[in-house]
Amino acid sequence: MSKKITKPTPIKPPLAAKTKSSLFDRWEESLKKNQTKFLFITLGISLLFSALLFDVKISELNDDSLYIEGGFNFAEDIHHAFTANAPLYPLILSIPIKLFGINLILLKSISVLFTLLHLWFLFLAFRNRIPYLVIFPVLFILSVNSFIHYFASLTFTESLYLFLQAVFLYVFFRVYDKTKDNKSIKDNWYQWLIVGVFLFLLNFCKNIAVGAAAAVIVALLLNRKWMHSLYALAGVLLIRIPSDMLRTAFWGVDQFSSQSGILRQVDPYNPSKGLETTAGFVQRFIDNTNLYIGKRLYQIFGFVSPENTETKAGLVFFTAVFFIIALVAIIRNKNFYMQFIMLYSLTMMALTFIVLQKQWDQPRMVLVYTPYILLIFFYGIYHLVKKGAAQFVYIILAFILISSSLLSSMGKASANIPRLQKNLKGDLLYGYTEDWVNFLKMSLYCADSLPPTSYVVSRKAPMSFVYSKGKRFYPVYTVFSDDPDTVLATLQREKVTHVIIASLRRNPKKIDGYTINTINRLLQPIAVKYPQKLRLVKQIGESEPAYLYEINY
């Protein structure tokens, strides 16, 4: 009897111990796998809030309407001389103005487009260069931030500049990657010309962006990329020098010099106070650091009320600590891209805080750097808790920052929707306070009821221009003389026929008896010495009236 032969049971190799993935690993893998989906969700959210927070009206800040008037000027005559403001944005606006006239909704929609493109290129610039767990929280915060969307519906340069910054970084990082090998630079020298083009466009959009070129050169030198720095400098100069010569020849004005003259003054609205000293510039830097880091930056993030006028030294210290944490992470990881962002942000903010007078205390001055400040914050915290048990702290921090911006935007959207509905139905002045309504109605009256040859003084001439459907006004921003004969001679030489005296509030939140009285102070000596030379033509409004006077020379 034969025995049944049984096959030996195969010995299975021991299973490899499964490594438990961390919270960061799981989230990072999910974001990487679904990056396109998350990007389009971010863009969709941004577009939604741009619509909810859209403002058809012109901002009371002068630059909003000044760029539209500049675009109109270029549309009429491309050789029109521009003022101290960088001309790139008015040149862009001149195209739709030439084709469709002054259509506020169309012009403001261009800013919405720039805001969306900014998010797109910001993602492209940092994709595969820093963790997705850093990129996407920043994109989500920017997509719901009310300050970003406020400027997305204005014709300021901020949305354009945000877009150009992101494109510049995308181009610069790609060129850097292609030419890492010094031997290959000679074969790709033309790539640095592209970098030079975008550095030029940044500077053409905002004069302060001259610091971006310095940041590029210094970043390359710090990494011992000697040839890179030479080619980058050559690329910048090969674009910058001919463009400056062409602009001066074409428009007959030096953009940088014309604005720098104002910035060197102690008071931009009172040249008689003279020029700033070295100690004055140091004090400017200190004051502006407190204003923009100790107040404005955290207003943008939603942690400080927009009505709060106090600066907090603790917030400046808190920000500095986060920058140091990020710097340690950047050095340890040898991440050139974040190193450059750190250098670029510090350079640009330092220049901003040194050259701008503190009277221009506006959130937009630091807004354009907030995407990179956020990247620095998140990058530092990410690497601080990456290998620890406190990874959930990072998620909570991201949630808090996103929620803060989201809640602020939702509150502002709720208040804005009724105004937006009225504006879209044709009531273009709904939402302005009474002082502005009376002033703008008077501007329209000048266009409708005065002779076409009339030339009217306005404290906010660009706003008068926009709301009077293109009538030219004579701008007066300072009291250029307290001598009545000099004032009359100047106005007569400029062919001025009328003057608007408005009751524009100095504090826009309340009526306290204080108004922007530049025109009043200019005309007061005339009213005292030559009362017969000023004749009241029209009054609009009672509590905060606007007056129109005719000048009888």
# chains A, B, ... in the order shown; residues from 1 in each chain; ligands from 1
>>> select_by_dssp(residues="segment 455-523 of chain A", states="strand (DSSP E)", output="list in words")
Val456, Val457, Ser458, Phe473, Tyr474, Pro475, His498, Val499, Ile500 and Ile501 of chain A
>>> write_last_selection(atoms="C-alpha atoms", output="CSV table (one decimal), in the first residue's frame")
chain,number,residue,atom,x,y,z
A,456,VAL,CA,-13.7,123.8,-13.1
A,457,VAL,CA,-11.4,123.4,-10.1
A,458,SER,CA,-12.0,120.1,-8.2
A,473,PHE,CA,-11.6,119.3,-14.3
A,474,TYR,CA,-8.6,121.3,-13.0
A,475,PRO,CA,-7.0,119.3,-10.1
A,498,HIS,CA,-15.4,127.8,-11.9
A,499,VAL,CA,-14.6,126.2,-8.6
A,500,ILE,CA,-16.3,123.4,-6.7
A,501,ILE,CA,-16.2,123.7,-2.9
>>> residues_around(residues="segment 307-315 of chain A", least_positions_apart="2", cutoff="6 Å", atoms="only C-alpha atoms", output="list in words")
Asn290, Leu291, Gly294, Lys295, Ser305, Phe317 and Phe318 of chain A
>>> write_last_selection(atoms="C-alpha atoms", output="compact mmCIF listing (two decimals), in the first residue's frame")
# COMPACT_ATOMS: atom_id res chain seq x y z
CA ASN A 290 4.50 99.70 13.26
CA LEU A 291 1.66 100.86 10.99
CA GLY A 294 1.54 96.21 13.84
CA LYS A 295 -1.87 97.06 12.39
CA SER A 305 -10.78 95.52 13.19
CA PHE A 317 7.45 91.01 17.53
CA PHE A 318 5.10 88.10 16.82
>>> atom_distance(atom1="atom CA of Glu544 of chain A", atom2="atom CA of Val479 of chain A")
22.1 Å
>>> closest_atom_pairs(of="segment 377-464 of chain A", to="segment 60-81 of chain A", cutoff="8 Å", atoms="only C-alpha atoms", output="JSON lines")
{"residue": "A:Lys460", "atom": "CA", "partner": "A:Asn62", "partner_atom": "CA", "distance": 6.6}
{"residue": "A:Pro462", "atom": "CA", "partner": "A:Leu66", "partner_atom": "CA", "distance": 5.1}
{"residue": "A:Met463", "atom": "CA", "partner": "A:Ser65", "partner_atom": "CA", "distance": 5.4}
>>> residues_around(residues="Phe163 of chain A", least_positions_apart="6", cutoff="7 Å", atoms="only C-alpha atoms", output="ChimeraX atom specification")
/A:114-115,117-118
>>> write_last_selection(atoms="C-alpha atoms", output="mmCIF file, in the first residue's frame")
data_model
loop_
_atom_site.group_PDB
_atom_site.id
_atom_site.type_symbol
_atom_site.label_atom_id
_atom_site.label_comp_id
_atom_site.auth_asym_id
_atom_site.auth_seq_id
_atom_site.Cartn_x
_atom_site.Cartn_y
_atom_site.Cartn_z
ATOM 1 C CA PHE A 114 -5.928 89.643 -12.678
ATOM 2 C CA THR A 115 -6.809 88.350 -9.198
ATOM 3 C CA LEU A 117 -4.638 84.744 -12.741
ATOM 4 C CA HIS A 118 -2.544 85.697 -9.707
#
>>> select_by_dssp(residues="segment 224-365 of chain A", states="alpha helix (DSSP H)", output="ChimeraX atom specification")
/A:226-251,255-263,278-291,297-301,313-333,336-355,364-365
>>> residues_around(residues="Leu124 of chain A", least_positions_apart="4", cutoff="9 Å", atoms="only C-alpha atoms", output="list in words")
Leu119, Trp120, Asn128, Ala166, Val167 and Tyr170 of chain A
>>> closest_atom_pairs(of="segment 131-215 of chain A", to="segment 354-375 of chain A", cutoff="9 Å", atoms="only C-alpha atoms", output="JSON lines")
{"residue": "A:Val134", "atom": "CA", "partner": "A:Leu375", "partner_atom": "CA", "distance": 6.7}
{"residue": "A:Ile135", "atom": "CA", "partner": "A:Leu375", "partner_atom": "CA", "distance": 7.1}
{"residue": "A:Pro137", "atom": "CA", "partner": "A:Leu374", "partner_atom": "CA", "distance": 9.0}
{"residue": "A:Val138", "atom": "CA", "partner": "A:Leu374", "partner_atom": "CA", "distance": 6.2}
{"residue": "A:Leu139", "atom": "CA", "partner": "A:Pro371", "partner_atom": "CA", "distance": 8.2}
{"residue": "A:Ile141", "atom": "CA", "partner": "A:Leu374", "partner_atom": "CA", "distance": 8.9}
{"residue": "A:Leu142", "atom": "CA", "partner": "A:Pro371", "partner_atom": "CA", "distance": 7.2}
{"residue": "A:Phe147", "atom": "CA", "partner": "A:Leu367", "partner_atom": "CA", "distance": 7.8}
{"residue": "A:Ile148", "atom": "CA", "partner": "A:Leu367", "partner_atom": "CA", "distance": 7.6}
{"residue": "A:Phe151", "atom": "CA", "partner": "A:Arg364", "partner_atom": "CA", "distance": 8.2}
{"residue": "A:Glu158", "atom": "CA", "partner": "A:Val368", "partner_atom": "CA", "distance": 6.5}
{"residue": "A:Ser159", "atom": "CA", "partner": "A:Val368", "partner_atom": "CA", "distance": 8.2}
{"residue": "A:Tyr161", "atom": "CA", "partner": "A:Val368", "partner_atom": "CA", "distance": 7.2}
{"residue": "A:Leu162", "atom": "CA", "partner": "A:Val368", "partner_atom": "CA", "distance": 5.8}
{"residue": "A:Gln165", "atom": "CA", "partner": "A:Val368", "partner_atom": "CA", "distance": 8.6}
{"residue": "A:Ile208", "atom": "CA", "partner": "A:Val355", "partner_atom": "CA", "distance": 8.6}
>>> write_last_selection(atoms="N, CA, C and O atoms", output="PDB file, in the first residue's frame")
ATOM      1  N   VAL A 134       1.491  73.573   2.332  1.00  0.00           N
ATOM      2  CA  VAL A 134       1.801  74.987   2.500  1.00  0.00           C
ATOM      3  C   VAL A 134       1.091  75.816   1.426  1.00  0.00           C
ATOM      4  O   VAL A 134       0.515  76.870   1.712  1.00  0.00           O
ATOM      5  N   ILE A 135       1.106  75.315   0.193  1.00  0.00           N
ATOM      6  CA  ILE A 135       0.538  76.080  -0.920  1.00  0.00           C
ATOM      7  C   ILE A 135      -0.967  76.283  -0.759  1.00  0.00           C
ATOM      8  O   ILE A 135      -1.464  77.414  -0.831  1.00  0.00           O
ATOM      9  N   PRO A 137      -3.325  75.976   1.803  1.00  0.00           N
ATOM     10  CA  PRO A 137      -3.891  76.875   2.814  1.00  0.00           C
ATOM     11  C   PRO A 137      -3.736  78.352   2.447  1.00  0.00           C
ATOM     12  O   PRO A 137      -4.649  79.147   2.659  1.00  0.00           O
ATOM     13  N   VAL A 138      -2.584  78.708   1.871  1.00  0.00           N
ATOM     14  CA  VAL A 138      -2.370  80.094   1.449  1.00  0.00           C
ATOM     15  C   VAL A 138      -3.347  80.469   0.338  1.00  0.00           C
ATOM     16  O   VAL A 138      -3.964  81.546   0.369  1.00  0.00           O
ATOM     17  N   LEU A 139      -3.514  79.586  -0.642  1.00  0.00           N
ATOM     18  CA  LEU A 139      -4.445  79.873  -1.744  1.00  0.00           C
ATOM     19  C   LEU A 139      -5.872  80.013  -1.236  1.00  0.00           C
ATOM     20  O   LEU A 139      -6.619  80.887  -1.696  1.00  0.00           O
ATOM     21  N   ILE A 141      -6.856  80.967   1.795  1.00  0.00           N
ATOM     22  CA  ILE A 141      -6.966  82.235   2.522  1.00  0.00           C
ATOM     23  C   ILE A 141      -7.104  83.401   1.547  1.00  0.00           C
ATOM     24  O   ILE A 141      -7.966  84.273   1.709  1.00  0.00           O
ATOM     25  N   LEU A 142      -6.265  83.417   0.507  1.00  0.00           N
ATOM     26  CA  LEU A 142      -6.323  84.490  -0.477  1.00  0.00           C
ATOM     27  C   LEU A 142      -7.641  84.481  -1.241  1.00  0.00           C
ATOM     28  O   LEU A 142      -8.170  85.536  -1.603  1.00  0.00           O
ATOM     29  N   PHE A 147     -10.007  91.798   1.695  1.00  0.00           N
ATOM     30  CA  PHE A 147      -9.147  92.878   1.205  1.00  0.00           C
ATOM     31  C   PHE A 147      -8.675  92.588  -0.225  1.00  0.00           C
ATOM     32  O   PHE A 147      -8.605  93.493  -1.059  1.00  0.00           O
ATOM     33  N   ILE A 148      -8.341  91.328  -0.499  1.00  0.00           N
ATOM     34  CA  ILE A 148      -7.963  90.950  -1.862  1.00  0.00           C
ATOM     35  C   ILE A 148      -9.111  91.253  -2.814  1.00  0.00           C
ATOM     36  O   ILE A 148      -8.918  91.823  -3.898  1.00  0.00           O
ATOM     37  N   PHE A 151      -9.880  95.071  -3.609  1.00  0.00           N
ATOM     38  CA  PHE A 151      -9.067  95.636  -4.689  1.00  0.00           C
ATOM     39  C   PHE A 151      -9.306  94.930  -6.015  1.00  0.00           C
ATOM     40  O   PHE A 151      -8.926  95.452  -7.064  1.00  0.00           O
ATOM     41  N   GLU A 158      -3.126  97.210  -7.623  1.00  0.00           N
ATOM     42  CA  GLU A 158      -2.795  96.082  -6.746  1.00  0.00           C
ATOM     43  C   GLU A 158      -3.066  94.725  -7.397  1.00  0.00           C
ATOM     44  O   GLU A 158      -2.241  93.808  -7.302  1.00  0.00           O
ATOM     45  N   SER A 159      -4.212  94.552  -8.036  1.00  0.00           N
ATOM     46  CA  SER A 159      -4.516  93.258  -8.658  1.00  0.00           C
ATOM     47  C   SER A 159      -3.549  92.954  -9.791  1.00  0.00           C
ATOM     48  O   SER A 159      -3.079  91.814  -9.935  1.00  0.00           O
ATOM     49  N   TYR A 161      -0.502  94.125 -10.045  1.00  0.00           N
ATOM     50  CA  TYR A 161       0.818  93.879  -9.468  1.00  0.00           C
ATOM     51  C   TYR A 161       0.910  92.487  -8.852  1.00  0.00           C
ATOM     52  O   TYR A 161       1.939  91.806  -8.985  1.00  0.00           O
ATOM     53  N   LEU A 162      -0.146  92.041  -8.178  1.00  0.00           N
ATOM     54  CA  LEU A 162      -0.165  90.689  -7.636  1.00  0.00           C
ATOM     55  C   LEU A 162       0.028  89.663  -8.752  1.00  0.00           C
ATOM     56  O   LEU A 162       0.776  88.688  -8.605  1.00  0.00           O
ATOM     57  N   GLN A 165       3.661  89.868 -10.093  1.00  0.00           N
ATOM     58  CA  GLN A 165       4.572  89.249  -9.123  1.00  0.00           C
ATOM     59  C   GLN A 165       4.587  87.739  -9.275  1.00  0.00           C
ATOM     60  O   GLN A 165       5.654  87.108  -9.307  1.00  0.00           O
ATOM     61  N   ILE A 208       8.371 101.125  -6.808  1.00  0.00           N
ATOM     62  CA  ILE A 208       9.041 100.504  -5.671  1.00  0.00           C
ATOM     63  C   ILE A 208       9.634  99.152  -6.049  1.00  0.00           C
ATOM     64  O   ILE A 208      10.553  98.646  -5.392  1.00  0.00           O
TER      65      ILE A 208
END
>>> atom_distance(atom1="atom CA of Lys386 of chain A", atom2="atom CA of Ala125 of chain A")
22.7 Å
